[in-house]
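*Asks:* Below is a structure I'd like to ask you about.
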Amino acid sequence: MNNDWAYSTGINNLKSFPPNTSDYYFTKVNLPHNADAYDGYRRLLHGNKHGDIWYRKILKLTQPNKSRRNFLYFEGVGSYAKIYLNGSLVGEHAGGRTTFTIDVTGKLKTNGTANELLVFASHPANIKDLPWVCGGCSDERGFSEGSQPMGIFRPVHLIVTNDVRIEPFGIHAWADVQNDKAILSINTTLKNYSLQNRKVEIINRLVDAAGKNIKEVTIQQILKAKDSITILQNNITVHNPNLWSVVKILTCIKLFLLLKKII
């Protein structure tokens with residue numbers, strides 16, 4: 001996904017979005033790409049670059065399994081992003097240093113024909129509604145500009161899943177360590193993207209650094225069509241856990257979550 005992109009900074013005064021890309025010159029580029037060469041590194045009054053960039057990629061995908069879901073996962077686009085697929089707006093995001101995921105199932109052609117993916121990245125001056133923005137635009141003199149990436153400055157991924165999936169950042173685990181035992185809790189967020197109810201079985205398996213199975217817990221759940229649910233598995237006791245330093249953080253334990261069965 002990160003090779004063979006093209007970008008243009010000369011597309012201005014558009015009457016409609018997205019532009020007809022055949023009317024403009026695009027320069028080939030691979031991602032990640034930062035259009036700001038950090039001209040503000042000397043901390044002059046205002047050295048960072050501002051403006052708009054259009055990115056373009058032609059994507060071909062052959063996917064015979066029609067039940068698959070397709071997601072575009074962006075790790076970082078500075079600072080405001082609009083995503084177009086085959087001429088239609090499929091998602092927007094504000095905040096260059098935060099990730100975002102867009103469901104493009106049904107909009108992404110999977111029969112081997114070309115898809116045109118356009119990303120509009122805008123990094124204007126005087127941003128007031130986002131954190132970590134240009135210090136040079138601030139009225140407070142002496143405020144450090146810092147690094148202000150402009151464009152698609154982190155990788156992009158096409159993620160293909162089943163129609164029941166673990167949501168992005170959908171696993172959270174924490175432990176209460178007490179003398180010779182640790183009590184573990186795990187939150188898992190699932191979503192059923194299909195039009196049918198589904199029965200799923202979730203297995204959380206803890207293993208040590210050598211791959212030995214320390215603990216395994218299983219739960220079954222019914223997910224209604226188009227519904228999402230967060231499942232809490234708590235009071236999972238691990239006896240004599242390996243501890244690290246005096247802060248008693250569990251180590252040598254990895255968390256595996258398996259979507260074992262979909263009915």
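Ligands are numbered from 1 in the order shown, chains are lettered A, B, ... in the order of the structure tokens, and residues start at 1 in each chain.
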Neighbouring residues of Thr9 in chain A were defined as those with any atom within 8 Å, considering only C-alpha atoms; residues of the same chain fewer than 6 positions away were excluded. Please report them as a PyMOL selection string.

*Replies:* chain A and resi 51-54

*Asks:* Return as a list in words the full set of residues in range 17-237 of chain A whose backbone-based DSSP assignment is helix (DSSP H, G or I).

*Replies:*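 Those residues are Thr21, Ser22, Asp23, Asp39, Gly40, Tyr41, Arg42, Gly135, Gly136 and Cys137 of chain A.
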
*Asks:* From the list A:Arg165, A:Lys191, A:His50, A:Lys66, which residue is nearest Ile127 in chain A when using only C-alpha atoms?

*Replies:*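 Once distances to Ile127 in chain A are computed over only C-alpha atoms, the minimum belongs to A:His50.
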
*Asks:* Applying 9 Å and only C-alpha atoms, which residues near Ile229 in chain A remain after dropping the ones on its own chain fewer than 4 positions away? List them as a list of chain:residue names.

*Replies:*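 These residues fall inside the cut-off: A:Thr188, A:Thr189, A:Leu190, A:Lys191, A:Asn192, A:Leu223.
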
*Asks:* How close does range 24-125 of chain A get to range 154-163 of chain A? List, as a tab-separated table, each residue of range 24-125 of chain A within 7 Å, its nearest atom pair and the distance in Å to one decimal, counting only C-alpha atoms.

*Replies:*
```
residue	atom	partner	partner_atom	distance
A:Leu31	CA	A:Pro155	CA	6.0
A:Pro32	CA	A:Arg154	CA	4.8
A:Ser67	CA	A:Asp163	CA	6.3
A:Arg68	CA	A:Asn162	CA	5.0
A:Arg69	CA	A:Thr161	CA	5.2
A:Asn70	CA	A:Val160	CA	4.8
A:Phe71	CA	A:Ile159	CA	5.1
A:Leu72	CA	A:Leu158	CA	4.8
A:Tyr73	CA	A:His157	CA	5.0
A:Phe74	CA	A:Val156	CA	4.7
A:Glu75	CA	A:Arg154	CA	5.3
A:Gly76	CA	A:Arg154	CA	5.0
```

*Asks:* May I have the selected residues written with C-alpha atoms, as a compact mmCIF listing (two decimals), in the first residue's frame?

*Replies:*
```txt
# COMPACT_ATOMS: atom_id res chain seq x y z
CA LEU A 31 4.91 6.68 1.77
CA PRO A 32 5.57 7.87 4.41
CA SER A 67 -18.09 -11.77 2.90
CA ARG A 68 -14.75 -10.06 3.56
CA ARG A 69 -14.62 -6.52 4.96
CA ASN A 70 -12.11 -3.96 3.69
CA PHE A 71 -10.72 -1.14 5.83
CA LEU A 72 -8.23 1.63 5.08
CA TYR A 73 -6.07 2.28 8.14
CA PHE A 74 -4.11 5.56 8.23
CA GLU A 75 -1.40 5.96 10.86
CA GLY A 76 -1.09 9.71 10.37
```

*Asks:* For CA of Lys28 in chain A and CA of Tyr7 in chain A, determine how far apart the two atoms are, in Å to one decimal place.

*Replies:*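 Computed distance, CA of Lys28 in chain A to CA of Tyr7 in chain A, equals 6.6 Å.
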
*Asks:* Running DSSP on the backbone, which parts of range 69-235 of chain A land in strand (DSSP E), as a VMD selection string?

*Replies:* chain A and resid 69 to 74 80 to 85 88 to 94 100 to 103 111 to 123 156 to 161 164 to 178 181 to 192 198 to 207 213 to 223 228 to 235

*Asks:* For CA of Leu59 in chain A and CA of Ala114 in chain A, quote the distance in Å rounded to one decimal.

*Replies:*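 That distance, rounded to one decimal, is 5.7 Å.
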
*Asks:* Just the residues within 8 Å of Lys107 in chain A, please, counting only C-alpha atoms, with nothing from its chain fewer than 2 positions along; format it as a list of chain:residue names.

*Replies:*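 The filter keeps A:Leu85, A:Asn86, A:Val104, A:Thr105, A:Lys109.
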
*Asks:* Name all residues at most 12 Å from Ile183 in chain A (count only C-alpha atoms; drop same-chain ones fewer than 4 positions away) and give them as number ranges by chain.

*Replies:* A: 173-179, 215, 233-241, 250

*Asks:* Skipping near chain neighbours, those fewer than 4 positions away, what residues fall within 7 Å of Asp36 in chain A using only C-alpha atoms, listed as a list in words?

*Replies:*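 Returned residues: Asn48, Lys49, Pro149 and Met150 of chain A.
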
*Asks:* Generate the output file for the selected residues, N, CA and C atoms, as a PDB file, in the first residue's frame.

*Replies:*
```
ATOM      1  N   ASN A  48       7.693  26.861   9.649  1.00  0.00           N
ATOM      2  CA  ASN A  48       7.024  25.659   9.164  1.00  0.00           C
ATOM      3  C   ASN A  48       6.177  25.931   7.932  1.00  0.00           C
ATOM      4  N   LYS A  49       6.011  24.892   7.128  1.00  0.00           N
ATOM      5  CA  LYS A  49       5.270  25.003   5.874  1.00  0.00           C
ATOM      6  C   LYS A  49       3.782  24.751   6.114  1.00  0.00           C
ATOM      7  N   PRO A 149       4.807  17.654  10.826  1.00  0.00           N
ATOM      8  CA  PRO A 149       4.745  16.950   9.543  1.00  0.00           C
ATOM      9  C   PRO A 149       3.531  17.370   8.729  1.00  0.00           C
ATOM     10  N   MET A 150       3.702  17.357   7.420  1.00  0.00           N
ATOM     11  CA  MET A 150       2.660  17.806   6.494  1.00  0.00           C
ATOM     12  C   MET A 150       2.503  16.749   5.408  1.00  0.00           C
TER      13      MET A 150
END
```

*Asks:* Which residue gives the smallest distance to Phe100 in chain A among A:Ala182, A:Val133, A:Asn242, A:Ile83, with only C-alpha atoms counted?

*Replies:*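 Using only C-alpha atoms, Phe100 in chain A sits closest to A:Ile83.
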
*Asks:* With only C-alpha atoms as the atoms that count, which of A:Asn30, A:Thr99, A:Thr62, A:Ser8 lies nearest to Pro168 in chain A?

*Replies:*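 Using only C-alpha atoms, Pro168 in chain A sits closest to A:Thr99.
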
*Asks:* Between CA of Thr27 in chain A and CA of Asn126 in chain A, measure the distance and give it in Å to one decimal.

*Replies:*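 Computing the Euclidean distance for CA of Thr27 in chain A and CA of Asn126 in chain A yields 27.8 Å.
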
*Asks:* For Thr110 in chain A, which residue out of A:Lys60, A:Phe169, A:Ala210, A:Ile202 is the nearest one, using only C-alpha atoms?

*Replies:*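 Smallest separation from Thr110 in chain A among the options: A:Lys60.
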
*Asks:* With a distance cut-off of 10 Å and only C-alpha atoms, select the neighbouring residues of Leu89 in chain A, excluding the residue or stretch itself and same-chain residues fewer than 2 positions from it, and output the selection as a list in words.

*Replies:*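 The neighbour list is Phe17, Pro18, Lys82, Ile83, Tyr84, Leu85, Asn86, Gly87, Gly91, Glu92, Leu118 and Val119 of chain A.
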
*Asks:* Output all heavy atoms of each residue in that selection to a file, as an mmCIF file, in the first residue's frame.

*Replies:*
```cif
data_model
loop_
_atom_site.group_PDB
_atom_site.id
_atom_site.type_symbol
_atom_site.label_atom_id
_atom_site.label_comp_id
_atom_site.auth_asym_id
_atom_site.auth_seq_id
_atom_site.Cartn_x
_atom_site.Cartn_y
_atom_site.Cartn_z
ATOM 1 N N PHE A 17 -15.061 18.853 -5.323
ATOM 2 C CA PHE A 17 -14.130 17.828 -4.853
ATOM 3 C C PHE A 17 -14.691 16.475 -5.254
ATOM 4 O O PHE A 17 -15.895 16.268 -5.217
ATOM 5 C CB PHE A 17 -14.004 17.890 -3.326
ATOM 6 C CG PHE A 17 -13.084 18.947 -2.810
ATOM 7 C CD1 PHE A 17 -13.173 20.251 -3.251
ATOM 8 C CD2 PHE A 17 -12.127 18.649 -1.867
ATOM 9 C CE1 PHE A 17 -12.334 21.232 -2.761
ATOM 10 C CE2 PHE A 17 -11.282 19.621 -1.362
ATOM 11 C CZ PHE A 17 -11.387 20.915 -1.812
ATOM 12 N N PRO A 18 -13.836 15.506 -5.580
ATOM 13 C CA PRO A 18 -12.387 15.631 -5.768
ATOM 14 C C PRO A 18 -12.068 16.174 -7.155
ATOM 15 O O PRO A 18 -12.952 16.253 -8.010
ATOM 16 C CB PRO A 18 -11.918 14.181 -5.623
ATOM 17 C CG PRO A 18 -13.048 13.377 -6.168
ATOM 18 C CD PRO A 18 -14.300 14.110 -5.740
ATOM 19 N N LYS A 82 -9.268 14.295 4.063
ATOM 20 C CA LYS A 82 -10.480 13.822 3.404
ATOM 21 C C LYS A 82 -10.077 12.697 2.466
ATOM 22 O O LYS A 82 -9.122 12.841 1.697
ATOM 23 C CB LYS A 82 -11.176 14.942 2.630
ATOM 24 C CG LYS A 82 -11.782 16.027 3.501
ATOM 25 C CD LYS A 82 -12.558 17.044 2.664
ATOM 26 C CE LYS A 82 -13.213 18.095 3.553
ATOM 27 N NZ LYS A 82 -14.009 19.072 2.759
ATOM 28 N N ILE A 83 -10.819 11.585 2.529
ATOM 29 C CA ILE A 83 -10.471 10.396 1.762
ATOM 30 C C ILE A 83 -11.559 10.148 0.722
ATOM 31 O O ILE A 83 -12.749 10.058 1.064
ATOM 32 C CB ILE A 83 -10.334 9.157 2.672
ATOM 33 C CG1 ILE A 83 -9.517 9.492 3.930
ATOM 34 C CG2 ILE A 83 -9.726 8.006 1.898
ATOM 35 C CD1 ILE A 83 -8.126 9.991 3.665
ATOM 36 N N TYR A 84 -11.147 10.046 -0.541
ATOM 37 C CA TYR A 84 -12.064 9.785 -1.650
ATOM 38 C C TYR A 84 -11.683 8.467 -2.308
ATOM 39 O O TYR A 84 -10.502 8.187 -2.535
ATOM 40 C CB TYR A 84 -11.993 10.902 -2.693
ATOM 41 C CG TYR A 84 -12.438 12.258 -2.198
ATOM 42 C CD1 TYR A 84 -11.545 13.099 -1.546
ATOM 43 C CD2 TYR A 84 -13.741 12.689 -2.386
ATOM 44 C CE1 TYR A 84 -11.945 14.347 -1.090
ATOM 45 C CE2 TYR A 84 -14.152 13.936 -1.937
ATOM 46 C CZ TYR A 84 -13.252 14.762 -1.287
ATOM 47 O OH TYR A 84 -13.655 15.994 -0.834
ATOM 48 N N LEU A 85 -12.696 7.666 -2.613
ATOM 49 C CA LEU A 85 -12.475 6.406 -3.312
ATOM 50 C C LEU A 85 -13.409 6.344 -4.509
ATOM 51 O O LEU A 85 -14.632 6.421 -4.354
ATOM 52 C CB LEU A 85 -12.724 5.222 -2.373
ATOM 53 C CG LEU A 85 -12.450 3.830 -2.946
ATOM 54 C CD1 LEU A 85 -10.991 3.685 -3.378
ATOM 55 C CD2 LEU A 85 -12.812 2.749 -1.935
ATOM 56 N N ASN A 86 -12.817 6.268 -5.693
ATOM 57 C CA ASN A 86 -13.578 6.210 -6.944
ATOM 58 C C ASN A 86 -14.573 7.360 -7.057
ATOM 59 O O ASN A 86 -15.720 7.195 -7.478
ATOM 60 C CB ASN A 86 -14.288 4.859 -7.072
ATOM 61 C CG ASN A 86 -13.299 3.702 -7.107
ATOM 62 O OD1 ASN A 86 -12.234 3.802 -7.715
ATOM 63 N ND2 ASN A 86 -13.644 2.603 -6.452
ATOM 64 N N GLY A 87 -14.123 8.550 -6.641
ATOM 65 C CA GLY A 87 -14.916 9.760 -6.801
ATOM 66 C C GLY A 87 -15.859 10.086 -5.668
ATOM 67 O O GLY A 87 -16.492 11.145 -5.685
ATOM 68 N N GLY A 91 -14.541 9.207 3.951
ATOM 69 C CA GLY A 91 -14.192 9.472 5.335
ATOM 70 C C GLY A 91 -13.413 10.761 5.496
ATOM 71 O O GLY A 91 -12.803 11.269 4.547
ATOM 72 N N GLU A 92 -13.452 11.311 6.727
ATOM 73 C CA GLU A 92 -12.709 12.518 7.084
ATOM 74 C C GLU A 92 -12.090 12.314 8.457
ATOM 75 O O GLU A 92 -12.579 11.526 9.270
ATOM 76 C CB GLU A 92 -13.625 13.745 7.111
ATOM 77 C CG GLU A 92 -14.308 14.061 5.801
ATOM 78 C CD GLU A 92 -15.177 15.309 5.883
ATOM 79 O OE1 GLU A 92 -14.629 16.382 6.221
ATOM 80 O OE2 GLU A 92 -16.395 15.207 5.634
ATOM 81 N N LEU A 118 -7.900 8.863 -3.525
ATOM 82 C CA LEU A 118 -7.396 10.227 -3.377
ATOM 83 C C LEU A 118 -7.440 10.624 -1.911
ATOM 84 O O LEU A 118 -8.431 10.369 -1.217
ATOM 85 C CB LEU A 118 -8.238 11.216 -4.190
ATOM 86 C CG LEU A 118 -8.176 11.117 -5.713
ATOM 87 C CD1 LEU A 118 -9.161 12.094 -6.340
ATOM 88 C CD2 LEU A 118 -6.771 11.399 -6.217
ATOM 89 N N VAL A 119 -6.367 11.245 -1.453
ATOM 90 C CA VAL A 119 -6.294 11.748 -0.083
ATOM 91 C C VAL A 119 -5.972 13.233 -0.140
ATOM 92 O O VAL A 119 -4.964 13.635 -0.730
ATOM 93 C CB VAL A 119 -5.224 11.008 0.736
ATOM 94 C CG1 VAL A 119 -5.133 11.600 2.141
ATOM 95 C CG2 VAL A 119 -5.528 9.518 0.802
#
```
